[in-house]
>>> print(open('upload_24.txt').read())   # compact mmCIF, C-alpha atoms
# COMPACT_ATOMS: atom_id res chain seq x y z
CA MET A 924 -22.24 -11.28 -6.20
CA GLU A 925 -24.43 -8.31 -7.14
CA ASP A 926 -23.56 -6.11 -10.09
CA LEU A 927 -21.19 -3.74 -8.35
CA ALA A 928 -20.23 -2.05 -11.62
CA ALA A 929 -23.82 -0.97 -12.27
CA GLU A 930 -24.02 0.33 -8.71
CA VAL A 931 -20.83 2.34 -9.18
CA LEU A 932 -22.23 3.89 -12.35
CA GLN A 933 -25.35 4.80 -10.36
CA GLY A 934 -23.22 6.55 -7.77
CA SER A 935 -22.83 4.03 -4.95
CA VAL A 936 -19.80 4.90 -2.85
CA ARG A 937 -19.96 1.56 -1.07
CA ALA A 938 -19.86 -0.33 -4.38
CA MET A 939 -16.89 1.76 -5.52
CA ALA A 940 -15.01 0.96 -2.29
CA ARG A 941 -15.76 -2.75 -2.69
CA ILE A 942 -14.72 -2.96 -6.34
CA ILE A 943 -11.45 -1.24 -5.48
CA THR A 944 -10.77 -3.95 -2.90
CA LEU A 945 -11.48 -6.68 -5.49
CA VAL A 946 -9.13 -4.94 -7.93
CA GLU A 947 -6.42 -4.65 -5.28
CA ASN A 948 -6.76 -8.35 -4.54
CA GLN A 949 -6.66 -9.21 -8.26
CA ASP A 950 -9.96 -11.00 -7.83
CA PRO A 951 -11.14 -12.48 -11.17
CA ARG A 952 -14.51 -10.74 -10.76
CA ALA A 953 -12.74 -7.40 -10.77
CA PHE A 954 -11.91 -7.63 -14.47
CA GLU A 955 -15.56 -8.14 -15.35
CA PHE A 956 -16.53 -5.04 -13.37
CA LEU A 957 -13.68 -3.02 -14.87
CA GLY A 958 -14.89 -4.06 -18.30
CA SER A 959 -18.38 -2.70 -17.62
CA ILE A 960 -17.00 0.52 -16.17
CA TYR A 961 -14.46 1.18 -18.93
CA PRO A 962 -16.89 2.71 -21.47
CA HIS A 963 -17.68 5.40 -18.89
CA THR A 964 -14.07 6.42 -18.28
CA GLY A 965 -11.81 8.98 -19.93
CA ARG A 966 -13.59 12.00 -18.53
CA ALA A 967 -11.63 12.63 -15.33
CA TYR A 968 -8.44 14.66 -15.37
CA VAL A 969 -5.67 12.78 -13.60
CA LEU A 970 -3.22 14.79 -11.50
CA GLY A 971 -0.11 13.10 -10.12
CA ILE A 972 1.68 14.35 -7.00
CA THR A 973 5.11 12.90 -6.34
CA GLY A 974 8.22 13.75 -4.34
CA SER A 975 10.42 12.59 -1.48
CA PRO A 976 8.96 11.52 1.88
CA GLY A 977 8.07 14.48 4.06
CA THR A 978 8.05 17.13 1.33
CA GLY A 979 4.37 17.77 2.01
CA LYS A 980 2.59 15.85 -0.75
CA SER A 981 -0.45 14.93 1.37
CA THR A 982 -0.88 18.41 2.84
CA LEU A 983 -0.57 19.92 -0.62
CA THR A 984 -3.10 17.40 -1.95
CA ASP A 985 -5.50 18.46 0.81
CA LYS A 986 -5.21 22.11 -0.25
CA ILE A 987 -5.61 21.25 -3.93
CA ILE A 988 -8.80 19.33 -3.07
CA SER A 989 -10.15 22.47 -1.36
CA VAL A 990 -9.52 24.66 -4.41
CA LEU A 991 -11.09 22.10 -6.76
CA ARG A 992 -14.12 21.80 -4.49
CA ARG A 993 -14.53 25.61 -4.40
CA GLN A 994 -14.56 25.48 -8.19
CA GLY A 995 -17.37 22.92 -7.97
CA HIS A 996 -15.42 19.88 -9.13
CA THR A 997 -15.83 16.42 -7.62
CA VAL A 998 -12.59 14.74 -6.56
CA GLY A 999 -11.23 11.24 -6.12
CA VAL A 1000 -7.90 10.68 -4.38
CA VAL A 1001 -5.64 7.64 -4.49
CA ALA A 1002 -2.98 7.90 -1.79
CA VAL A 1003 -0.24 5.29 -2.06
CA ASP A 1004 2.04 4.25 0.79
CA PRO A 1005 4.58 1.41 0.90
CA SER A 1006 3.92 -2.19 1.95
CA SER A 1007 6.52 -3.89 4.08
CA PRO A 1008 8.61 -6.24 1.96
CA PHE A 1009 9.00 -8.36 5.09
CA THR A 1010 5.49 -8.71 6.51
CA GLY A 1011 3.33 -7.46 3.62
CA GLY A 1012 1.60 -5.10 6.05
CA ALA A 1013 1.39 -1.36 5.62
CA LEU A 1014 0.82 1.79 7.60
CA LEU A 1015 -1.20 4.13 5.43
CA GLY A 1016 -0.91 7.63 6.84
CA ASP A 1017 -1.82 10.03 4.04
CA ARG A 1018 -5.41 10.36 5.17
CA ILE A 1019 -4.38 12.21 8.34
CA ARG A 1020 -3.48 15.28 6.27
CA MET A 1021 -6.67 15.22 4.25
CA GLN A 1022 -9.12 15.87 7.05
CA ARG A 1023 -10.62 19.03 5.65
CA ALA A 1024 -12.25 16.98 2.93
CA ALA A 1025 -13.80 14.62 5.49
CA GLY A 1026 -17.56 14.91 5.51
CA ASP A 1027 -17.67 16.15 1.94
CA PRO A 1028 -19.60 13.51 -0.04
CA ASP A 1029 -18.02 14.72 -3.28
CA VAL A 1030 -14.52 13.75 -2.16
CA PHE A 1031 -13.55 10.08 -2.12
CA ILE A 1032 -10.17 9.19 -0.65
CA ARG A 1033 -8.69 5.74 -0.92
CA SER A 1034 -5.38 4.67 0.63
CA MET A 1035 -3.47 1.98 -1.23
CA ALA A 1036 -0.48 -0.09 -0.22
CA THR A 1037 2.13 -0.80 -2.91
CA ARG A 1038 2.02 -4.58 -2.27
CA GLY A 1039 5.49 -5.12 -3.64
CA ASN A 1040 5.31 -2.83 -6.66
CA LEU A 1041 8.40 -0.66 -6.93
CA GLY A 1042 7.55 2.22 -9.26
CA GLY A 1043 5.97 4.51 -6.65
CA LEU A 1044 2.42 3.25 -7.23
CA ALA A 1045 0.56 0.03 -6.57
CA ARG A 1046 0.25 -2.27 -9.56
CA THR A 1047 -3.50 -1.71 -9.65
CA THR A 1048 -3.49 2.07 -9.16
CA ALA A 1049 -4.34 2.73 -12.82
CA ASP A 1050 -7.43 0.52 -12.51
CA VAL A 1051 -8.51 2.26 -9.32
CA ILE A 1052 -8.26 5.61 -11.15
CA LYS A 1053 -10.58 4.19 -13.83
CA ILE A 1054 -13.16 3.20 -11.22
CA MET A 1055 -13.21 6.74 -9.77
CA ASP A 1056 -13.33 8.13 -13.30
CA GLY A 1057 -16.27 5.88 -14.21
CA PHE A 1058 -18.01 6.84 -10.97
CA GLY A 1059 -17.97 10.38 -12.31
CA LYS A 1060 -15.21 12.18 -10.45
CA ASP A 1061 -14.07 15.26 -12.40
CA TRP A 1062 -10.55 15.03 -11.04
CA VAL A 1063 -8.54 12.10 -9.73
CA ILE A 1064 -5.47 13.02 -7.72
CA VAL A 1065 -2.83 10.33 -7.30
CA GLU A 1066 -0.31 10.76 -4.53
CA THR A 1067 2.67 8.43 -4.92
CA VAL A 1068 4.69 6.89 -2.13
CA GLY A 1069 7.55 9.08 -0.96
CA VAL A 1070 9.92 8.53 -3.83
CA GLY A 1071 13.68 8.50 -4.08
CA GLN A 1072 15.15 9.14 -7.46
CA ASP A 1073 13.90 6.36 -9.64
CA GLU A 1074 10.17 5.88 -9.19
CA VAL A 1075 8.61 7.40 -12.26
CA GLU A 1076 5.49 5.31 -12.95
CA ILE A 1077 3.30 8.27 -12.08
CA ALA A 1078 4.37 10.05 -15.27
CA LYS A 1079 2.83 7.23 -17.30
CA THR A 1080 -0.34 7.31 -15.22
CA ALA A 1081 -1.18 10.99 -14.71
CA ASP A 1082 -2.09 13.67 -17.25
CA THR A 1083 -0.17 16.30 -15.28
CA THR A 1084 2.66 15.34 -12.93
CA VAL A 1085 3.69 17.67 -10.11
CA VAL A 1086 7.06 16.99 -8.46
CA VAL A 1087 7.15 18.36 -4.93
CA LEU A 1088 10.51 19.36 -3.48
CA ALA A 1089 11.46 20.90 -0.15
CA PRO A 1090 14.61 22.79 0.82
CA GLY A 1091 17.38 21.16 2.80
CA LEU A 1092 17.69 17.82 1.05
CA GLY A 1093 20.73 18.08 -1.19
CA ASP A 1094 22.97 20.25 -3.32
CA THR A 1095 22.67 21.45 -6.91
CA VAL A 1096 23.77 18.15 -8.41
CA GLN A 1097 20.61 16.49 -7.03
CA SER A 1098 18.51 18.74 -9.21
CA MET A 1099 20.58 17.80 -12.28
CA LYS A 1100 20.04 14.07 -11.99
CA ALA A 1101 17.87 11.77 -14.05
CA GLY A 1102 14.74 10.02 -12.81
CA VAL A 1103 12.12 11.84 -10.78
CA MET A 1104 13.52 15.24 -11.74
CA GLU A 1105 12.80 14.45 -15.38
CA ILE A 1106 9.09 13.73 -15.12
CA ALA A 1107 7.78 17.04 -13.82
CA ASP A 1108 5.27 19.03 -15.80
CA LEU A 1109 5.41 21.39 -12.84
CA TYR A 1110 7.80 21.72 -9.93
CA VAL A 1111 6.58 22.81 -6.53
CA ILE A 1112 9.03 24.02 -3.92
CA ASN A 1113 6.98 23.40 -0.78
CA LYS A 1114 7.93 24.66 2.71
CA ALA A 1115 9.04 27.78 0.86
CA ASP A 1116 9.17 29.72 4.14
CA ARG A 1117 12.23 27.72 5.17
CA SER A 1118 15.79 28.74 4.51
CA GLY A 1119 17.24 27.44 1.29
CA ALA A 1120 13.93 27.64 -0.58
CA ASP A 1121 14.97 30.46 -2.88
CA SER A 1122 18.23 28.83 -3.88
CA LEU A 1123 16.35 25.59 -4.56
CA VAL A 1124 13.95 27.50 -6.80
CA THR A 1125 16.95 28.90 -8.69
CA GLU A 1126 18.58 25.47 -8.99
CA VAL A 1127 15.46 23.91 -10.41
CA ARG A 1128 14.88 26.82 -12.78
CA VAL A 1129 18.44 26.38 -14.04
CA ARG A 1130 17.69 22.74 -14.66
CA VAL A 1131 14.55 23.59 -16.59
CA GLU A 1132 16.53 26.12 -18.63
CA GLN A 1133 19.26 23.54 -19.31
CA ASP A 1134 16.56 21.10 -20.41
CA SER A 1135 15.37 23.61 -22.99
CA HIS A 1136 18.89 23.68 -24.47
CA ILE A 1137 19.33 19.93 -24.38
CA LYS A 1138 16.04 18.64 -25.73
CA GLU A 1139 13.20 19.74 -27.95
CA ALA A 1140 10.27 20.56 -25.75
CA ASP A 1141 7.28 22.74 -26.28
CA TRP A 1142 6.44 22.83 -22.59
CA GLN A 1143 8.70 24.46 -20.02
CA ALA A 1144 7.96 23.25 -16.52
CA PRO A 1145 7.20 26.19 -14.22
CA VAL A 1146 8.68 26.26 -10.74
CA LEU A 1147 6.26 27.40 -8.05
CA LYS A 1148 6.60 28.09 -4.35
CA THR A 1149 4.06 26.93 -1.78
CA VAL A 1150 3.68 26.73 1.97
CA ALA A 1151 1.04 24.02 2.04
CA VAL A 1152 0.33 24.09 5.79
CA GLU A 1153 -0.44 27.82 5.51
CA ASP A 1154 -2.36 27.30 2.25
CA GLN A 1155 0.03 29.70 0.49
CA GLY A 1156 0.51 29.34 -3.23
CA THR A 1157 -2.27 26.82 -3.79
CA GLU A 1158 -4.39 28.97 -6.12
CA PRO A 1159 -1.43 29.86 -8.40
CA LEU A 1160 -0.51 26.15 -8.42
CA LEU A 1161 -3.99 25.23 -9.64
CA GLU A 1162 -3.73 27.92 -12.33
CA ALA A 1163 -0.42 26.45 -13.45
CA ILE A 1164 -1.97 22.97 -13.55
CA GLU A 1165 -4.87 24.33 -15.62
CA ASN A 1166 -2.34 25.98 -17.97
CA HIS A 1167 -0.63 22.66 -18.50
CA ARG A 1168 -3.95 20.98 -19.06
CA SER A 1169 -4.98 23.46 -21.76
CA PHE A 1170 -1.52 23.15 -23.34
CA LEU A 1171 -2.02 19.37 -23.53
CA GLU A 1172 -5.52 19.73 -24.91
CA LYS A 1173 -4.77 22.43 -27.48
CA SER A 1174 -1.59 20.82 -28.76
CA GLY A 1175 -3.31 17.47 -29.19
CA ARG A 1176 -0.79 16.04 -26.74
CA LEU A 1177 -3.40 14.81 -24.29
CA GLU A 1178 -4.96 12.57 -26.90
CA LYS A 1179 -1.55 11.25 -27.96
CA VAL A 1180 -0.37 10.58 -24.42
CA ARG A 1181 -3.61 8.86 -23.46
CA ARG A 1182 -3.41 6.67 -26.55
CA GLU A 1183 0.12 5.65 -25.62
CA LYS A 1184 -1.05 4.98 -22.06
CA THR A 1185 -3.88 2.78 -23.35
CA ARG A 1186 -1.40 0.91 -25.53
CA GLN A 1187 0.93 0.26 -22.61
CA GLU A 1188 -1.86 -0.82 -20.28
CA THR A 1189 -3.40 -3.14 -22.85
CA LEU A 1190 0.00 -4.59 -23.64
CA SER A 1191 0.77 -5.32 -20.02
CA LEU A 1192 -2.68 -6.88 -19.49
CA LEU A 1193 -2.01 -9.06 -22.50
CA THR A 1194 1.47 -9.98 -21.32
CA GLU A 1195 0.13 -10.90 -17.93
CA GLU A 1196 -2.73 -12.97 -19.31
CA ILE A 1197 -0.45 -14.85 -21.68
CA SER A 1198 2.26 -15.46 -19.12
CA CYS A 1199 -0.28 -16.61 -16.50
CA ASN A 1200 -1.80 -19.14 -18.89
CA ILE A 1201 1.49 -20.43 -20.18
CA LEU A 1202 3.18 -20.58 -16.80
CA GLU A 1203 0.26 -22.58 -15.50
CA LYS A 1204 0.89 -25.14 -18.24
CA ILE A 1205 4.62 -25.25 -17.65
CA LEU A 1206 4.53 -25.30 -13.87
CA GLY A 1207 1.48 -27.55 -13.71
CA ASP A 1208 3.32 -30.81 -14.31
CA GLY A 1209 6.31 -31.80 -12.24
CA GLN A 1210 8.72 -31.48 -15.15
CA PHE A 1211 9.75 -27.96 -14.25
CA ASP A 1212 11.04 -29.10 -10.86
CA ASP A 1213 12.98 -31.89 -12.58
CA LEU A 1214 14.46 -29.28 -14.88
CA ILE A 1215 15.51 -27.15 -11.93
CA ASP A 1216 17.23 -30.21 -10.45
CA ASP A 1217 19.15 -30.58 -13.70
CA ILE A 1218 20.11 -26.91 -13.77
CA VAL A 1219 21.19 -26.92 -10.13
CA ALA A 1220 23.34 -29.97 -10.84
CA HIS A 1221 24.76 -28.20 -13.90
CA ARG A 1222 23.58 -30.99 -16.20
CA LYS A 1223 21.64 -28.36 -18.13
CA ASP A 1224 21.92 -24.60 -18.47
CA PRO A 1225 18.96 -22.25 -17.89
CA TYR A 1226 19.44 -20.31 -21.15
CA THR A 1227 19.06 -23.25 -23.52
CA SER A 1228 16.38 -24.83 -21.34
CA VAL A 1229 14.14 -21.75 -21.52
CA LYS A 1230 14.47 -21.68 -25.33
CA GLU A 1231 13.52 -25.36 -25.43
CA ILE A 1232 10.40 -24.84 -23.30
CA VAL A 1233 9.24 -21.92 -25.45
CA GLY A 1234 9.93 -24.10 -28.50
CA THR A 1235 7.52 -26.77 -27.30
CA ILE A 1236 4.77 -24.19 -26.72
CA PHE A 1237 5.22 -22.29 -29.98
CA PRO A 1238 6.78 -24.92 -32.27
CA GLU A 1239 6.07 -22.95 -35.44
CA GLU A 1240 8.14 -19.98 -34.32
CA GLN A 1241 11.34 -21.86 -33.68
CA MET B 1344 2.22 -10.12 -2.17
CA THR B 1345 -0.43 -9.36 -4.76
CA GLY B 1346 -3.60 -11.31 -5.29
CA LYS B 1347 -4.23 -11.80 -1.63
CA LYS B 1348 -6.85 -10.39 0.65
CA ARG B 1349 -5.35 -8.38 3.45
CA ILE B 1350 -7.16 -7.33 6.59
CA LYS B 1351 -7.75 -3.58 6.39
CA VAL B 1352 -7.92 -1.67 9.63
CA ILE B 1353 -8.96 1.92 10.37
CA MET B 1354 -7.16 3.11 13.48
CA ALA B 1355 -8.82 6.16 14.97
CA LYS B 1356 -8.90 8.31 18.05
CA PRO B 1357 -12.31 9.82 18.64
CA GLY B 1358 -12.72 12.75 20.98
CA LEU B 1359 -10.41 15.54 21.98
CA ASP B 1360 -7.62 14.02 24.03
CA GLY B 1361 -4.20 13.95 22.44
CA HIS B 1362 -2.90 10.69 23.83
CA ASP B 1363 -2.19 8.71 20.71
CA ARG B 1364 0.75 6.60 21.82
CA GLY B 1365 -1.38 3.49 22.18
CA ALA B 1366 -3.19 4.01 18.88
CA LYS B 1367 0.09 4.56 17.05
CA LEU B 1368 1.72 1.53 18.64
CA LEU B 1369 -1.21 -0.68 17.67
CA ALA B 1370 -1.24 0.70 14.14
CA ARG B 1371 2.34 -0.52 13.85
CA VAL B 1372 1.58 -3.83 15.55
CA PHE B 1373 -1.21 -4.52 13.05
CA ALA B 1374 0.99 -3.54 10.11
CA GLU B 1375 3.75 -5.83 11.41
CA ALA B 1376 1.15 -8.59 11.54
CA GLY B 1377 0.60 -8.12 7.81
CA MET B 1378 -2.50 -5.96 7.91
CA GLU B 1379 -3.04 -2.73 5.99
CA VAL B 1380 -3.66 -0.02 8.53
CA VAL B 1381 -5.09 3.39 7.77
CA TYR B 1382 -4.11 5.70 10.58
CA THR B 1383 -6.52 8.62 10.68
CA GLY B 1384 -5.03 10.51 13.58
CA LEU B 1385 -6.45 12.52 16.43
CA ARG B 1386 -9.77 14.26 17.06
CA GLN B 1387 -11.96 12.13 14.85
CA THR B 1388 -15.71 12.45 14.92
CA PRO B 1389 -17.73 9.22 14.57
CA GLU B 1390 -18.86 10.52 11.17
CA MET B 1391 -15.25 10.91 9.98
CA ILE B 1392 -14.32 7.44 11.21
CA VAL B 1393 -17.28 5.77 9.50
CA GLU B 1394 -16.65 7.67 6.29
CA ALA B 1395 -13.06 6.46 6.31
CA ALA B 1396 -14.28 2.89 6.91
CA LEU B 1397 -16.70 3.23 3.99
CA GLN B 1398 -14.20 4.65 1.51
CA GLU B 1399 -11.40 2.33 2.55
CA ASP B 1400 -13.67 -0.75 2.60
CA ALA B 1401 -12.34 -1.54 6.07
CA ASP B 1402 -12.69 -4.88 7.83
CA VAL B 1403 -11.88 -3.53 11.27
CA VAL B 1404 -12.25 -0.21 13.07
CA GLY B 1405 -9.97 0.22 16.07
CA LEU B 1406 -10.94 2.97 18.51
CA SER B 1407 -8.74 4.33 21.23
CA SER B 1408 -9.86 6.60 24.03
CA LEU B 1409 -8.36 7.85 27.23
CA SER B 1410 -10.53 10.74 28.28
CA GLY B 1411 -13.77 8.96 29.18
CA VAL B 1412 -15.72 9.60 25.99
CA HIS B 1413 -15.95 5.92 25.06
CA ASN B 1414 -19.52 5.41 26.27
CA TYR B 1415 -20.73 7.93 23.74
CA PHE B 1416 -18.27 7.58 20.88
CA PHE B 1417 -17.84 3.81 20.57
CA PRO B 1418 -21.58 2.95 20.33
CA ARG B 1419 -22.11 5.91 18.01
CA VAL B 1420 -19.50 4.53 15.60
CA VAL B 1421 -21.21 1.11 15.64
CA GLU B 1422 -24.56 2.78 15.01
CA LEU B 1423 -23.29 4.87 12.08
CA LEU B 1424 -21.58 1.84 10.54
CA LYS B 1425 -24.94 0.06 10.57
CA GLU B 1426 -26.68 3.06 9.04
CA ASN B 1427 -24.18 2.92 6.18
CA GLY B 1428 -24.61 -0.79 5.56
CA LEU B 1429 -21.30 -1.60 7.20
CA GLU B 1430 -22.61 -3.85 9.98
CA GLU B 1431 -20.02 -6.49 9.12
CA VAL B 1432 -17.15 -4.24 10.15
CA LEU B 1433 -15.52 -5.44 13.37
CA VAL B 1434 -15.27 -2.68 15.98
CA VAL B 1435 -12.69 -3.04 18.74
CA GLY B 1436 -11.75 -0.54 21.41
CA GLY B 1437 -8.96 0.18 23.80
CA GLY B 1438 -7.48 2.75 26.13
CA ILE B 1439 -8.60 3.69 29.60
CA ILE B 1440 -12.00 2.04 29.89
CA PRO B 1441 -13.40 1.16 33.37
CA ASP B 1442 -14.35 -2.52 33.73
CA GLU B 1443 -17.94 -1.65 34.57
CA ASP B 1444 -18.35 0.04 31.17
CA VAL B 1445 -17.25 -3.01 29.16
CA PRO B 1446 -20.54 -5.00 29.21
CA GLY B 1447 -22.48 -1.96 28.02
CA LEU B 1448 -20.05 -1.36 25.16
CA LYS B 1449 -20.24 -5.01 24.15
CA ASP B 1450 -24.04 -4.86 24.20
CA ALA B 1451 -23.77 -1.84 21.93
CA GLY B 1452 -21.86 -3.91 19.40
CA VAL B 1453 -18.20 -3.35 20.25
CA ALA B 1454 -16.60 -6.77 19.72
CA ALA B 1455 -13.86 -6.42 22.32
CA ILE B 1456 -12.23 -3.93 24.66
CA PHE B 1457 -8.50 -4.20 25.22
CA GLY B 1458 -7.26 -2.34 28.29
CA PRO B 1459 -3.73 -1.50 29.40
CA GLY B 1460 -1.56 -4.56 29.86
CA THR B 1461 -3.19 -6.56 27.08
CA LYS B 1462 -0.58 -8.44 25.10
CA THR B 1463 -0.47 -7.02 21.59
CA GLU B 1464 -0.35 -10.51 20.12
CA ASP B 1465 -3.66 -11.31 21.82
CA ILE B 1466 -5.29 -8.40 20.00
CA VAL B 1467 -3.76 -9.51 16.69
CA THR B 1468 -4.93 -13.09 17.25
CA PHE B 1469 -8.43 -11.92 18.13
CA ILE B 1470 -8.69 -10.01 14.85
CA GLN B 1471 -7.04 -12.68 12.71
CA GLU B 1472 -9.34 -15.38 14.07
CA LYS B 1473 -12.38 -13.32 13.15
CA PHE B 1474 -11.24 -13.25 9.54
CA SER B 1475 -9.67 -16.68 9.22
CA SER B 1476 -12.91 -18.31 8.04
CA ASN B 1477 -13.54 -15.98 5.09
>>> encode(input="upload_24.txt", output="structure tokens")
Amino acid sequence: MEDLAAEVLQGSVRAMARIITLVENQDPRAFEFLGSIYPHTGRAYVLGITGSPGTGKSTLTDKIISVLRRQGHTVGVVAVDPSSPFTGGALLGDRIRMQRAAGDPDVFIRSMATRGNLGGLARTTADVIKIMDGFGKDWVIVETVGVGQDEVEIAKTADTTVVVLAPGLGDTVQSMKAGVMEIADLYVINKADRSGADSLVTEVRVRVEQDSHIKEADWQAPVLKTVAVEDQGTEPLLEAIENHRSFLEKSGRLEKVRREKTRQETLSLLTEEISCNILEKILGDGQFDDLIDDIVAHRKDPYTSVKEIVGTIFPEEQ
Amino acid sequence: MTGKKRIKVIMAKPGLDGHDRGAKLLARVFAEAGMEVVYTGLRQTPEMIVEAALQEDADVVGLSSLSGVHNYFFPRVVELLKENGLEEVLVVGGGIIPDEDVPGLKDAGVAAIFGPGTKTEDIVTFIQEKFSSN
């Protein structure tokens, strides 16, 4: 196969699209390409957009793209939608809302299916961001799947995380809960022309104020109103995002957070590599199936058995 | 579910008619068959469709038309795919297409035309067979 990584670095859109597919498929060649691209990453600013299904994440993303393009920035978008746990297939519909960017060569939109990952992103989303970053996109916007309350991976992936809410989905207690409500650097109340928007703004502001009493924080998440379909509130939203960005940069937080991110990513790569290699050894011979027979028949227990297997692989540590 | 190649389909409706029931149904049929389907919606220009195919690294482009624009739009999509180095992308069409137009569309590079009454599993099988070898 040709050197797709070199082509990406030279600006080939086709090569970028193809590497992303290899990464999604966990093709062994993908890691080689990612390795060559890595030195050229770290320049893009990563913006995360998350929120419940139907709150307007894709439409808002479309408007944000427009503002960034007017400012002369190039943009990559990763739009994640869920895979079926039953068939593995997926209907990826975020692109429909991002039509204004179509025909603009400086906007690259890629839809991704979660392929069984549960945190609101696909397992390989972070790698796809790196490819767009290495390609030279100034901004990479990541739109998560429509999340419930517990999908918070985006906060570990993006530099700035925007949580999009819409009126009519629950009472005050919803805004007090843990999970998604905790990860916002900015809250957006979209569909703000609908009834209930103002009280939702108040609820969320109360939460932010409570947060400032409960925990040390040098950043207070602003709460903004938008009507994305009418393109209302997009410019102020971008200003707020820029404010957060300069806060991160000036406080040295960006560097710290990115270091922690690198640590986590490297650790999980390492974990995966080690477990793949070791599992291959363990599962390669038929002994594991014999062991399962023993455990099913209650001749052995799984807890002691696992310790024993690890003991044979790392004898010195036991 | 990871580590496996999945057939990626762009489902698009070129032209100005708003009849997207068929396109939406097929998008779901393909997803149910385990494919990853990017639904791009109504009123797509050939340029928009090909750009989506390029960015999404699509294997298949499915075109649906009811208003009689197929003779222009379908071959134009094939042509633009070629111009962008995407000649390997399988183009299939459906909707209201008169029988006498089918040979011309096939000559232009459309792999198959599926009219009303086609069993959805036949369309799925057609696509899956095209990708079973690689």
>>> atom_distance(input="upload_24.txt", atom1="CA of Ser1118 (chain A)", atom2="CA of Leu1092 (chain A)")
11.6 Å
>>> residues_around(input="upload_24.txt", residues="Leu945 (chain A)", least_positions_apart="4", cutoff="10 Å", atoms="all atoms listed in the file", output="PyMOL selection string")
(chain A and resi 940-941+949-954+956) or (chain B and resi 1346-1348)
>>> write_last_selection(input="upload_24.txt", atoms="C-alpha atoms", output="compact mmCIF listing (two decimals), in the frame of the given file")
# COMPACT_ATOMS: atom_id res chain seq x y z
CA ALA A 940 -15.01 0.96 -2.29
CA ARG A 941 -15.76 -2.75 -2.69
CA GLN A 949 -6.66 -9.21 -8.26
CA ASP A 950 -9.96 -11.00 -7.83
CA PRO A 951 -11.14 -12.48 -11.17
CA ARG A 952 -14.51 -10.74 -10.76
CA ALA A 953 -12.74 -7.40 -10.77
CA PHE A 954 -11.91 -7.63 -14.47
CA PHE A 956 -16.53 -5.04 -13.37
CA GLY B 1346 -3.60 -11.31 -5.29
CA LYS B 1347 -4.23 -11.80 -1.63
CA LYS B 1348 -6.85 -10.39 0.65
>>> closest_residue(input="upload_24.txt", among="B:Lys1425, B:Lys1462, B:Arg1386, B:Lys1449", to="Pro1357 (chain B)", atoms="all atoms listed in the file")
B:Arg1386
>>> interface_residues(input="upload_24.txt", of="chain B", to="chain A", cutoff="12 Å", atoms="all atoms listed in the file", output="PyMOL selection string")
chain B and resi 1344-1356+1367-1402+1424+1427-1429
>>> atom_distance(input="upload_24.txt", atom1="CA of Glu925 (chain A)", atom2="CA of Gly958 (chain A)")
15.3 Å
>>> atom_distance(input="upload_24.txt", atom1="CA of Ser1407 (chain B)", atom2="CA of Ala1366 (chain B)")
6.0 Å
>>> closest_residue(input="upload_24.txt", among="A:Ala1049, A:Ile1236, A:Ile1215, A:Ala1220", to="Ser1198 (chain A)", atoms="all atoms listed in the file")
A:Ile1236
>>> residues_around(input="upload_24.txt", residues="Asp1444 (chain B)", least_positions_apart="6", cutoff="10 Å", atoms="all atoms listed in the file", output="number ranges by chain")
B: 1413-1414, 1456
>>> residues_around(input="upload_24.txt", residues="Thr964 (chain A)", least_positions_apart="3", cutoff="10 Å", atoms="all atoms listed in the file", output="list in words")
Ile960, Tyr961, Ala967, Ile1052, Lys1053, Ile1054, Met1055, Asp1056, Gly1057, Phe1058, Gly1059 and Lys1060 of chain A
>>> closest_residue(input="upload_24.txt", among="A:Glu1178, A:Val1086, A:Leu957, A:Ser1191", to="Ala1144 (chain A)", atoms="only C-alpha atoms")
A:Val1086
>>> closest_residue(input="upload_24.txt", among="A:Gln933, A:Thr1235, A:Gln1133, A:Ser1169", to="Ile1201 (chain A)", atoms="all atoms listed in the file")
A:Thr1235
>>> residues_around(input="upload_24.txt", residues="Ile1466 (chain B)", least_positions_apart="3", cutoff="12 Å", atoms="all atoms listed in the file", output="list in words")
Leu1369, Ala1370, Val1372, Phe1373, Ala1376, Val1403, Gly1405, Val1435, Gly1436, Gly1437, Ala1454, Ala1455, Ile1456, Phe1457, Gly1458, Pro1459, Gly1460, Thr1461, Lys1462, Thr1463, Phe1469, Ile1470, Gln1471, Glu1472 and Lys1473 of chain B
>>> residues_near_point(input="upload_24.txt", point="(-7.9, 12.6, -9.6)", cutoff="9 Å", atoms="all atoms listed in the file", output="mmCIF file with C-alpha atoms, in the frame of the given file")
data_model
loop_
_atom_site.group_PDB
_atom_site.id
_atom_site.type_symbol
_atom_site.label_atom_id
_atom_site.label_comp_id
_atom_site.auth_asym_id
_atom_site.auth_seq_id
_atom_site.Cartn_x
_atom_site.Cartn_y
_atom_site.Cartn_z
ATOM 1 C CA ALA A 967 -11.630 12.630 -15.330
ATOM 2 C CA TYR A 968 -8.440 14.660 -15.370
ATOM 3 C CA VAL A 969 -5.670 12.780 -13.600
ATOM 4 C CA LEU A 970 -3.220 14.790 -11.500
ATOM 5 C CA GLY A 971 -0.110 13.100 -10.120
ATOM 6 C CA VAL A 998 -12.590 14.740 -6.560
ATOM 7 C CA GLY A 999 -11.230 11.240 -6.120
ATOM 8 C CA VAL A 1000 -7.900 10.680 -4.380
ATOM 9 C CA VAL A 1001 -5.640 7.640 -4.490
ATOM 10 C CA ILE A 1052 -8.260 5.610 -11.150
ATOM 11 C CA MET A 1055 -13.210 6.740 -9.770
ATOM 12 C CA ASP A 1056 -13.330 8.130 -13.300
ATOM 13 C CA LYS A 1060 -15.210 12.180 -10.450
ATOM 14 C CA ASP A 1061 -14.070 15.260 -12.400
ATOM 15 C CA TRP A 1062 -10.550 15.030 -11.040
ATOM 16 C CA VAL A 1063 -8.540 12.100 -9.730
ATOM 17 C CA ILE A 1064 -5.470 13.020 -7.720
ATOM 18 C CA VAL A 1065 -2.830 10.330 -7.300
ATOM 19 C CA ALA A 1081 -1.180 10.990 -14.710
#
